[in-house]
file input.cif (mmCIF, C-alpha atoms)
data_input
loop_
_atom_site.label_atom_id
_atom_site.label_comp_id
_atom_site.auth_asym_id
_atom_site.auth_seq_id
_atom_site.Cartn_x
_atom_site.Cartn_y
_atom_site.Cartn_z
CA MET E 262 4.16 -6.31 12.83
CA SER E 263 6.77 -7.41 15.34
CA PRO E 264 10.35 -6.18 14.78
CA PHE E 265 11.78 -9.39 16.26
CA THR E 266 13.33 -11.81 13.79
CA GLY E 267 14.17 -15.48 13.82
CA SER E 268 17.24 -17.19 12.42
CA ALA E 269 16.57 -16.44 8.76
CA VAL E 270 18.55 -13.60 7.20
CA ARG E 271 16.94 -10.91 5.09
CA THR E 272 16.31 -11.92 1.48
CA ALA E 273 18.93 -10.29 -0.74
CA ASP E 274 17.36 -11.00 -4.13
CA TRP E 275 13.73 -11.14 -5.20
CA GLN E 276 12.80 -12.98 -8.38
CA HIS E 277 9.53 -11.22 -9.23
CA LEU E 278 10.24 -7.62 -8.26
CA ARG E 279 12.99 -5.14 -7.48
CA CYS E 280 13.53 -3.54 -4.09
CA VAL E 281 15.88 -0.62 -3.47
CA ILE E 282 16.21 1.06 -0.07
CA ALA E 283 17.76 4.53 0.23
CA ASP E 284 17.34 7.36 2.74
CA GLY E 285 14.57 5.54 4.58
CA VAL E 286 12.51 4.92 1.42
CA ALA E 287 11.97 1.44 0.00
CA THR E 288 11.09 1.48 -3.69
CA VAL E 289 9.44 -1.77 -4.78
CA THR E 290 9.00 -2.13 -8.53
CA LEU E 291 6.90 -4.77 -10.26
CA ALA E 292 9.21 -5.84 -13.07
CA ARG E 293 7.39 -7.73 -15.84
CA PRO E 294 6.99 -4.85 -18.30
CA GLU E 295 6.44 -7.19 -21.26
CA LYS E 296 3.28 -8.45 -19.50
CA LEU E 297 2.22 -5.05 -18.07
CA ASN E 298 3.51 -6.36 -14.72
CA ALA E 299 0.87 -9.08 -14.56
CA LEU E 300 1.07 -10.94 -11.26
CA THR E 301 2.00 -14.60 -10.90
CA PHE E 302 1.78 -16.90 -7.90
CA GLY E 303 5.42 -16.10 -7.19
CA ALA E 304 4.87 -12.34 -7.46
CA TYR E 305 2.08 -12.44 -4.89
CA ALA E 306 4.23 -14.52 -2.55
CA ASP E 307 7.23 -12.22 -3.00
CA LEU E 308 5.13 -9.14 -2.16
CA ARG E 309 3.72 -10.86 0.93
CA ASP E 310 7.14 -11.92 2.18
CA LEU E 311 8.93 -8.69 1.27
CA LEU E 312 6.42 -6.54 3.14
CA ALA E 313 6.82 -8.76 6.20
CA GLU E 314 10.61 -8.39 6.05
CA LEU E 315 10.53 -4.63 5.54
CA SER E 316 8.07 -4.25 8.41
CA ARG E 317 10.73 -5.57 10.75
CA GLU E 318 13.35 -3.09 9.54
CA ARG E 319 13.52 0.14 11.49
CA SER E 320 15.39 1.76 8.58
CA VAL E 321 12.31 1.76 6.30
CA ARG E 322 10.07 4.77 6.92
CA ALA E 323 8.08 4.87 3.66
CA LEU E 324 7.53 2.61 0.66
CA VAL E 325 6.81 3.40 -2.97
CA LEU E 326 5.12 0.66 -5.03
CA ALA E 327 5.64 1.20 -8.75
CA GLY E 328 5.41 -0.63 -12.04
CA GLU E 329 8.03 -0.81 -14.77
CA GLY E 330 7.18 -0.01 -18.37
CA ARG E 331 3.85 1.12 -19.83
CA GLY E 332 1.63 0.51 -16.80
CA PHE E 333 1.40 -0.08 -13.08
CA CYS E 334 -0.07 -3.60 -13.01
CA SER E 335 -2.58 -5.37 -15.25
CA GLY E 336 -3.70 -7.80 -12.55
CA GLY E 337 -3.34 -11.56 -12.40
CA ASP E 338 -1.66 -13.23 -15.37
CA VAL E 339 -4.37 -14.82 -17.51
CA ASP E 340 -2.31 -17.87 -18.43
CA GLU E 341 -0.23 -18.38 -15.31
CA ILE E 342 -3.01 -17.76 -12.78
CA ILE E 343 -6.46 -17.94 -14.36
CA GLY E 344 -5.50 -20.88 -16.55
CA ALA E 345 -3.80 -22.67 -13.67
CA THR E 346 -6.64 -22.15 -11.20
CA LEU E 347 -9.05 -24.01 -13.49
CA SER E 348 -7.31 -27.27 -12.56
CA MET E 349 -7.07 -26.59 -8.81
CA ASP E 350 -9.29 -28.16 -6.17
CA THR E 351 -11.14 -26.13 -3.55
CA ALA E 352 -8.40 -26.41 -0.93
CA GLN E 353 -5.77 -25.15 -3.38
CA LEU E 354 -8.02 -22.31 -4.52
CA LEU E 355 -8.63 -21.29 -0.92
CA ASP E 356 -4.87 -21.23 -0.26
CA PHE E 357 -4.33 -19.01 -3.29
CA ASN E 358 -7.11 -16.57 -2.47
CA ARG E 359 -5.96 -16.35 1.13
CA MET E 360 -2.46 -15.51 -0.11
CA THR E 361 -3.70 -12.62 -2.25
CA GLY E 362 -5.59 -11.31 0.77
CA GLN E 363 -2.44 -11.60 2.87
CA VAL E 364 -0.71 -9.21 0.46
CA VAL E 365 -3.42 -6.60 0.97
CA ARG E 366 -3.30 -7.07 4.74
CA ALA E 367 0.47 -6.66 4.65
CA VAL E 368 0.12 -3.34 2.79
CA ARG E 369 -2.46 -2.11 5.31
CA GLU E 370 -0.66 -3.41 8.40
CA CYS E 371 2.96 -2.52 7.67
CA PRO E 372 4.17 0.22 10.04
CA PHE E 373 5.08 2.77 7.38
CA PRO E 374 3.13 4.69 4.73
CA VAL E 375 2.79 3.03 1.32
CA ILE E 376 2.51 5.18 -1.80
CA ALA E 377 1.34 3.62 -5.07
CA ALA E 378 2.85 5.40 -8.08
CA VAL E 379 0.33 4.69 -10.83
CA HIS E 380 0.73 5.28 -14.53
CA GLY E 381 -1.17 3.51 -17.27
CA VAL E 382 -3.29 0.56 -16.28
CA ALA E 383 -4.03 -0.56 -12.73
CA ALA E 384 -6.46 -3.40 -13.31
CA GLY E 385 -7.86 -6.27 -11.28
CA ALA E 386 -5.41 -7.16 -8.54
CA GLY E 387 -3.29 -4.18 -9.62
CA ALA E 388 -6.19 -1.85 -8.84
CA VAL E 389 -6.62 -3.44 -5.41
CA LEU E 390 -2.89 -3.12 -4.64
CA ALA E 391 -3.13 0.59 -5.40
CA LEU E 392 -6.35 0.83 -3.38
CA ALA E 393 -4.68 -0.77 -0.35
CA ALA E 394 -1.90 1.84 -0.34
CA ASP E 395 -2.12 4.85 1.96
CA PHE E 396 -1.59 7.24 -0.95
CA ARG E 397 -2.22 6.86 -4.68
CA VAL E 398 -0.13 9.25 -6.78
CA ALA E 399 -1.10 9.00 -10.43
CA ASP E 400 -0.35 10.73 -13.68
CA PRO E 401 -3.03 11.60 -16.30
CA SER E 402 -2.51 8.28 -18.11
CA ALA E 403 -3.68 6.28 -15.10
CA ARG E 404 -6.83 4.21 -15.31
CA PHE E 405 -8.23 1.91 -12.65
CA ALA E 406 -10.43 -1.09 -13.43
CA PHE E 407 -11.77 -3.64 -10.94
CA LEU E 408 -12.33 -6.38 -13.49
CA PHE E 409 -13.30 -9.34 -11.33
CA THR E 410 -16.95 -9.62 -12.42
CA ARG E 411 -15.80 -9.53 -16.03
CA VAL E 412 -14.08 -12.88 -15.56
CA GLY E 413 -17.09 -14.33 -13.73
CA LEU E 414 -15.89 -13.72 -10.16
CA SER E 415 -17.09 -11.58 -7.28
CA GLY E 416 -16.08 -7.94 -7.34
CA GLY E 417 -15.21 -8.31 -3.67
CA ASP E 418 -11.76 -9.77 -4.28
CA MET E 419 -8.71 -9.22 -2.04
CA GLY E 420 -10.67 -6.96 0.28
CA ALA E 421 -11.91 -4.63 -2.47
CA ALA E 422 -15.51 -4.66 -1.17
CA TYR E 423 -14.19 -3.60 2.24
CA LEU E 424 -11.69 -0.95 1.15
CA LEU E 425 -13.28 0.71 -1.88
CA PRO E 426 -16.53 1.95 -0.22
CA ARG E 427 -14.39 3.48 2.52
CA VAL E 428 -12.32 5.38 -0.05
CA VAL E 429 -14.92 6.49 -2.61
CA GLY E 430 -18.29 5.76 -0.95
CA LEU E 431 -20.76 2.92 -1.43
CA GLY E 432 -22.38 4.30 -4.60
CA HIS E 433 -19.16 4.66 -6.58
CA ALA E 434 -17.81 1.38 -5.17
CA THR E 435 -20.94 -0.50 -6.27
CA ARG E 436 -20.59 0.83 -9.80
CA LEU E 437 -16.86 0.13 -10.05
CA LEU E 438 -16.97 -3.37 -8.55
CA MET E 439 -20.12 -4.57 -10.33
CA LEU E 440 -19.56 -3.16 -13.80
CA GLY E 441 -15.76 -3.34 -13.92
CA GLU E 442 -15.60 -0.25 -16.10
CA PRO E 443 -12.29 1.65 -16.23
CA VAL E 444 -12.00 4.90 -14.30
CA ARG E 445 -9.57 7.37 -15.83
CA ALA E 446 -7.46 9.78 -13.85
CA PRO E 447 -9.75 12.85 -13.89
CA GLU E 448 -12.76 10.91 -12.57
CA ALA E 449 -10.57 8.92 -10.18
CA GLU E 450 -9.36 12.20 -8.68
CA ARG E 451 -12.92 13.56 -8.50
CA ILE E 452 -14.26 10.59 -6.52
CA GLY E 453 -11.25 10.44 -4.20
CA LEU E 454 -9.54 7.36 -5.60
CA ILE E 455 -6.40 9.40 -6.39
CA SER E 456 -4.58 11.22 -3.59
CA GLU E 457 -2.44 13.35 -5.91
CA LEU E 458 -2.63 13.88 -9.67
CA ALA E 459 0.90 14.32 -10.99
CA ASP E 460 2.06 15.83 -14.27
CA GLU E 461 2.23 13.64 -17.37
CA GLY E 462 4.88 10.98 -16.77
CA GLY E 463 5.55 12.32 -13.29
CA ALA E 464 3.89 9.79 -10.99
CA ASP E 465 7.13 8.10 -9.94
CA GLU E 466 8.88 11.39 -9.20
CA ALA E 467 5.89 12.77 -7.27
CA ALA E 468 5.60 9.54 -5.28
CA GLN E 469 9.29 9.72 -4.38
CA ARG E 470 8.88 13.33 -3.20
CA LEU E 471 6.03 12.33 -0.96
CA ALA E 472 7.88 9.25 0.31
CA HIS E 473 10.95 11.29 1.25
CA ARG E 474 8.79 13.88 2.98
CA LEU E 475 7.21 11.09 5.02
CA ALA E 476 10.57 9.40 5.67
CA GLU E 477 11.93 12.64 7.12
CA GLY E 478 8.94 13.08 9.43
CA PRO E 479 7.87 11.57 12.78
CA ALA E 480 7.82 7.90 11.80
CA LEU E 481 6.21 6.62 14.99
CA ALA E 482 3.41 9.17 14.75
CA TYR E 483 2.78 8.15 11.13
CA ALA E 484 2.82 4.43 12.03
CA GLN E 485 0.29 4.93 14.83
CA THR E 486 -1.92 7.12 12.65
CA LYS E 487 -1.98 4.41 9.98
CA ALA E 488 -2.74 1.74 12.57
CA LEU E 489 -5.64 3.77 13.99
CA LEU E 490 -7.09 4.52 10.55
CA THR E 491 -7.23 0.79 9.85
CA ALA E 492 -8.33 -0.35 13.30
CA GLU E 493 -11.07 2.23 13.77
CA LEU E 494 -12.88 1.61 10.48
CA ASP E 495 -15.32 -0.70 12.22
CA MET E 496 -15.18 0.56 15.81
CA PRO E 497 -17.93 2.39 17.66
CA LEU E 498 -17.07 5.95 18.68
CA ALA E 499 -16.53 5.09 22.35
CA ALA E 500 -13.94 2.43 21.51
CA SER E 501 -12.25 4.73 18.98
CA VAL E 502 -11.79 7.65 21.36
CA GLU E 503 -10.48 5.30 24.06
CA LEU E 504 -7.96 3.82 21.62
CA ASP E 505 -6.99 7.35 20.55
CA ALA E 506 -6.47 8.33 24.18
CA SER E 507 -4.25 5.32 24.90
CA THR E 508 -2.20 5.93 21.77
CA GLN E 509 -1.70 9.62 22.50
CA ALA E 510 -0.65 8.86 26.08
CA LEU E 511 2.04 6.52 24.78
CA LEU E 512 3.27 8.99 22.16
CA MET E 513 3.31 11.85 24.68
CA ASN E 514 5.87 9.80 26.57
CA GLY E 515 8.04 9.47 23.46
CA GLU E 516 11.19 11.23 22.33
CA ASP E 517 9.63 12.89 19.27
CA TYR E 518 7.00 14.69 21.35
CA ALA E 519 9.67 16.11 23.65
CA GLU E 520 11.82 16.95 20.61
CA PHE E 521 9.01 19.02 19.09
CA HIS E 522 8.75 21.11 22.26
CA ALA E 523 12.52 21.59 22.40
CA ALA E 524 12.66 22.58 18.74
CA PHE E 525 9.75 24.99 19.13
CA THR E 526 11.38 26.58 22.15
CA GLU E 527 14.74 26.87 20.39
CA LYS E 528 13.12 28.10 17.15
CA ARG E 529 14.55 25.32 14.98
CA ALA E 530 13.23 22.41 12.93
CA PRO E 531 12.57 19.18 14.87
CA LYS E 532 14.99 16.29 14.45
CA TRP E 533 12.60 13.37 14.33
CA ARG E 534 13.91 10.01 15.52
CA GLY E 535 10.79 7.88 15.24
CA ARG E 536 10.76 7.15 18.97
#
call {"tool": "encode", "arguments": {"input": "input.cif", "output": "structure tokens"}}
result
Amino acid sequence: MSPFTGSAVRTADWQHLRCVIADGVATVTLARPEKLNALTFGAYADLRDLLAELSRERSVRALVLAGEGRGFCSGGDVDEIIGATLSMDTAQLLDFNRMTGQVVRAVRECPFPVIAAVHGVAAGAGAVLALAADFRVADPSARFAFLFTRVGLSGGDMGAAYLLPRVVGLGHATRLLMLGEPVRAPEAERIGLISELADEGGADEAAQRLAHRLAEGPALAYAQTKALLTAELDMPLAASVELDASTQALLMNGEDYAEFHAAFTEKRAPKWRGR
């Protein structure tokens, strides 16, 4: 995403979530604990717009997405979204579904790593938000459930049918998206849905550790690695190696590459600048 901004100033207060930025780490917390952080139209829009704003800020080098209370996110609010969509026409429904997809694209396309800190339920749209993250750090209470078929909709919602087979394989993805059965932490780790299994109650702390490790590292190298992982999912090998070559040539002309050599020569730790 482009770092260039227009006239609008950065949003200081978000109605449907909390955002705190410190030491290069943005911590975004879904904050409807009484509803297990169920998403509303406004929550989707806030996530979409916040990610776009943070993507233009050079100060953000990693992001933790967390949920307040007993769970990560229980998906779309049954009353405020499912009930409301029953009275929408096709054009309105298309606008809504495009917006939810824009949130997933924003998670995948933002130029910094995103870590989902999952405890308790991650269901429906909540499961897809976690799936879209670069890392999923979960504690033993975590359970993922892609519930879309259980409400009479396609399991391929918000890019789930694209992302999930690439994370866990087609066989597991077929089972999870068609049947909508919950996957608890031990199985989720076994099939590769979890990046790191934290101690009981420790998902937030473990996610913060990982985020700070990433924030202290070579930010430009991480951003380009993320971009290549997304871009090359559907590329033939010849196009992929050419894109890799172009990217490496650019990075070899950067400050961080020269800094590594200087640090190695001087027997010290590199001072990464993200350039």
call {"tool": "atom_distance", "arguments": {"input": "input.cif", "atom1": "CA of Ala524 in chain E", "atom2": "CA of Arg322 in chain E"}}
result
21.5 Å
call {"tool": "residues_near_point", "arguments": {"input": "input.cif", "point": "(5.1, -14.2, 1.0)", "cutoff": "12 Å", "atoms": "all atoms listed in the file", "output": "list in words"}}
result
Thr272, Trp275, His277, Phe302, Gly303, Ala304, Tyr305, Ala306, Asp307, Leu308, Arg309, Asp310, Leu311, Leu312, Ala313, Glu314, Leu315, Phe357, Arg359, Met360, Thr361, Gly362, Gln363, Val364, Val365, Arg366 and Ala367 of chain E
call {"tool": "resolve_selection", "arguments": {"input": "input.cif", "expression": "the PyMOL selection byres ((chain E and resi 438-440) around 7)", "output": "VMD selection string"}}
result
chain E and resid 407 410 416 434 to 437 441 to 442
call {"tool": "write_last_selection", "arguments": {"input": "input.cif", "atoms": "C-alpha atoms", "output": "compact mmCIF listing (two decimals), in the frame of the given file"}}
result
# COMPACT_ATOMS: atom_id res chain seq x y z
CA PHE E 407 -11.77 -3.64 -10.94
CA THR E 410 -16.95 -9.62 -12.42
CA GLY E 416 -16.08 -7.94 -7.34
CA ALA E 434 -17.81 1.38 -5.17
CA THR E 435 -20.94 -0.50 -6.27
CA ARG E 436 -20.59 0.83 -9.80
CA LEU E 437 -16.86 0.13 -10.05
CA GLY E 441 -15.76 -3.34 -13.92
CA GLU E 442 -15.60 -0.25 -16.10
call {"tool": "resolve_selection", "arguments": {"input": "input.cif", "expression": "the PyMOL selection byres ((chain E and resi 474-477) around 7)", "output": "list in words"}}
result
Gly285, Val286, Arg322, Ala323, Arg470, Leu471, Ala472, His473, Gly478 and Ala480 of chain E
call {"tool": "resolve_selection", "arguments": {"input": "input.cif", "expression": "the PyMOL selection byres ((chain E and resi 394-396) around 10)", "output": "PyMOL selection string"}}
result
chain E and resi 324-326+365+368-369+373-378+389-393+397-399+454-457+468+471-472+487+490
call {"tool": "write_last_selection", "arguments": {"input": "input.cif", "atoms": "C-alpha atoms", "output": "compact mmCIF listing (two decimals), in the coordinates of the input"}}
result
# COMPACT_ATOMS: atom_id res chain seq x y z
CA LEU E 324 7.53 2.61 0.66
CA VAL E 325 6.81 3.40 -2.97
CA LEU E 326 5.12 0.66 -5.03
CA VAL E 365 -3.42 -6.60 0.97
CA VAL E 368 0.12 -3.34 2.79
CA ARG E 369 -2.46 -2.11 5.31
CA PHE E 373 5.08 2.77 7.38
CA PRO E 374 3.13 4.69 4.73
CA VAL E 375 2.79 3.03 1.32
CA ILE E 376 2.51 5.18 -1.80
CA ALA E 377 1.34 3.62 -5.07
CA ALA E 378 2.85 5.40 -8.08
CA VAL E 389 -6.62 -3.44 -5.41
CA LEU E 390 -2.89 -3.12 -4.64
CA ALA E 391 -3.13 0.59 -5.40
CA LEU E 392 -6.35 0.83 -3.38
CA ALA E 393 -4.68 -0.77 -0.35
CA ARG E 397 -2.22 6.86 -4.68
CA VAL E 398 -0.13 9.25 -6.78
CA ALA E 399 -1.10 9.00 -10.43
CA LEU E 454 -9.54 7.36 -5.60
CA ILE E 455 -6.40 9.40 -6.39
CA SER E 456 -4.58 11.22 -3.59
CA GLU E 457 -2.44 13.35 -5.91
CA ALA E 468 5.60 9.54 -5.28
CA LEU E 471 6.03 12.33 -0.96
CA ALA E 472 7.88 9.25 0.31
CA LYS E 487 -1.98 4.41 9.98
CA LEU E 490 -7.09 4.52 10.55
call {"tool": "closest_residue", "arguments": {"input": "input.cif", "among": "E:Gly453, E:Gly462, E:Gly387, E:Pro443", "to": "Leu425 in chain E", "atoms": "only C-alpha atoms"}}
result
E:Gly453
call {"tool": "atom_distance", "arguments": {"input": "input.cif", "atom1": "CA of Pro479 in chain E", "atom2": "CA of Asn514 in chain E"}}
result
14.0 Å
call {"tool": "atom_distance", "arguments": {"input": "input.cif", "atom1": "CA of Gln469 in chain E", "atom2": "CA of Ile452 in chain E"}}
result
23.7 Å
call {"tool": "axis_aligned_box", "arguments": {"input": "input.cif", "around": "range 443-459 of chain E", "padding_each_side": "5 Å", "output": "JSON"}}
result
{"center_x": -6.7, "center_y": 8.0, "center_z": -9.9, "size_x": 25.2, "size_y": 22.7, "size_z": 22.6}
call {"tool": "closest_residue", "arguments": {"input": "input.cif", "among": "E:Glu466, E:Asp274, E:Asp400, E:Asp460", "to": "Val382 in chain E", "atoms": "only C-alpha atoms"}}
result
E:Asp400
call {"tool": "closest_atom_pairs", "arguments": {"input": "input.cif", "of": "range 287-333 of chain E", "to": "range 532-535 of chain E", "cutoff": "12 Å", "atoms": "all atoms listed in the file", "output": "Markdown table"}}
result
| residue | atom | partner | partner_atom | distance |
| --- | --- | --- | --- | --- |
| E:Arg319 | CA | E:Gly535 | CA | 9.0 |
| E:Ser320 | CA | E:Gly535 | CA | 10.1 |
| E:Val321 | CA | E:Gly535 | CA | 10.9 |
| E:Arg322 | CA | E:Gly535 | CA | 8.9 |
call {"tool": "residues_near_point", "arguments": {"input": "input.cif", "point": "(-5.0, 11.6, -16.7)", "cutoff": "7 Å", "atoms": "only C-alpha atoms", "output": "list in words"}}
result
Asp400, Pro401, Ser402, Ala403, Arg445, Ala446 and Pro447 of chain E
call {"tool": "build_atoms", "arguments": {"input": "input.cif", "residues": "range 331-343 of chain E", "atoms": "N, CA, C and O atoms", "output": "PDB file, keeping the file's coordinate frame"}}
result
ATOM      1  N   ARG E 331       4.989   0.321 -19.360  1.00  0.00           N
ATOM      2  CA  ARG E 331       3.850   1.120 -19.830  1.00  0.00           C
ATOM      3  C   ARG E 331       2.714   1.234 -18.818  1.00  0.00           C
ATOM      4  O   ARG E 331       1.785   2.004 -19.048  1.00  0.00           O
ATOM      5  N   GLY E 332       2.744   0.452 -17.741  1.00  0.00           N
ATOM      6  CA  GLY E 332       1.630   0.510 -16.800  1.00  0.00           C
ATOM      7  C   GLY E 332       2.044   0.065 -15.415  1.00  0.00           C
ATOM      8  O   GLY E 332       3.144  -0.467 -15.201  1.00  0.00           O
ATOM      9  N   PHE E 333       1.144   0.274 -14.473  1.00  0.00           N
ATOM     10  CA  PHE E 333       1.400  -0.080 -13.080  1.00  0.00           C
ATOM     11  C   PHE E 333       1.302  -1.594 -12.889  1.00  0.00           C
ATOM     12  O   PHE E 333       2.268  -2.263 -12.537  1.00  0.00           O
ATOM     13  N   CYS E 334       0.117  -2.159 -13.151  1.00  0.00           N
ATOM     14  CA  CYS E 334      -0.070  -3.600 -13.010  1.00  0.00           C
ATOM     15  C   CYS E 334      -1.399  -3.984 -13.640  1.00  0.00           C
ATOM     16  O   CYS E 334      -2.441  -3.416 -13.295  1.00  0.00           O
ATOM     17  N   SER E 335      -1.373  -4.960 -14.534  1.00  0.00           N
ATOM     18  CA  SER E 335      -2.580  -5.370 -15.250  1.00  0.00           C
ATOM     19  C   SER E 335      -3.361  -6.458 -14.544  1.00  0.00           C
ATOM     20  O   SER E 335      -4.330  -6.990 -15.096  1.00  0.00           O
ATOM     21  N   GLY E 336      -2.967  -6.798 -13.315  1.00  0.00           N
ATOM     22  CA  GLY E 336      -3.700  -7.800 -12.550  1.00  0.00           C
ATOM     23  C   GLY E 336      -3.072  -9.176 -12.644  1.00  0.00           C
ATOM     24  O   GLY E 336      -1.900  -9.327 -12.994  1.00  0.00           O
ATOM     25  N   GLY E 337      -3.843 -10.201 -12.343  1.00  0.00           N
ATOM     26  CA  GLY E 337      -3.340 -11.560 -12.400  1.00  0.00           C
ATOM     27  C   GLY E 337      -3.099 -12.019 -13.825  1.00  0.00           C
ATOM     28  O   GLY E 337      -3.894 -11.739 -14.724  1.00  0.00           O
ATOM     29  N   ASP E 338      -2.007 -12.723 -14.043  1.00  0.00           N
ATOM     30  CA  ASP E 338      -1.660 -13.230 -15.370  1.00  0.00           C
ATOM     31  C   ASP E 338      -2.713 -14.229 -15.844  1.00  0.00           C
ATOM     32  O   ASP E 338      -3.011 -15.203 -15.149  1.00  0.00           O
ATOM     33  N   VAL E 339      -3.271 -13.983 -17.011  1.00  0.00           N
ATOM     34  CA  VAL E 339      -4.370 -14.820 -17.510  1.00  0.00           C
ATOM     35  C   VAL E 339      -3.939 -16.269 -17.659  1.00  0.00           C
ATOM     36  O   VAL E 339      -4.662 -17.198 -17.274  1.00  0.00           O
ATOM     37  N   ASP E 340      -2.764 -16.499 -18.222  1.00  0.00           N
ATOM     38  CA  ASP E 340      -2.310 -17.870 -18.430  1.00  0.00           C
ATOM     39  C   ASP E 340      -1.783 -18.507 -17.152  1.00  0.00           C
ATOM     40  O   ASP E 340      -2.140 -19.634 -16.803  1.00  0.00           O
ATOM     41  N   GLU E 341      -0.929 -17.771 -16.446  1.00  0.00           N
ATOM     42  CA  GLU E 341      -0.230 -18.380 -15.310  1.00  0.00           C
ATOM     43  C   GLU E 341      -1.068 -18.459 -14.047  1.00  0.00           C
ATOM     44  O   GLU E 341      -0.762 -19.246 -13.153  1.00  0.00           O
ATOM     45  N   ILE E 342      -2.141 -17.651 -13.955  1.00  0.00           N
ATOM     46  CA  ILE E 342      -3.010 -17.760 -12.780  1.00  0.00           C
ATOM     47  C   ILE E 342      -4.398 -18.249 -13.172  1.00  0.00           C
ATOM     48  O   ILE E 342      -4.848 -19.295 -12.702  1.00  0.00           O
ATOM     49  N   ILE E 343      -5.087 -17.529 -14.045  1.00  0.00           N
ATOM     50  CA  ILE E 343      -6.460 -17.940 -14.360  1.00  0.00           C
ATOM     51  C   ILE E 343      -6.466 -19.327 -14.995  1.00  0.00           C
ATOM     52  O   ILE E 343      -7.258 -20.193 -14.608  1.00  0.00           O
TER      53      ILE E 343
END
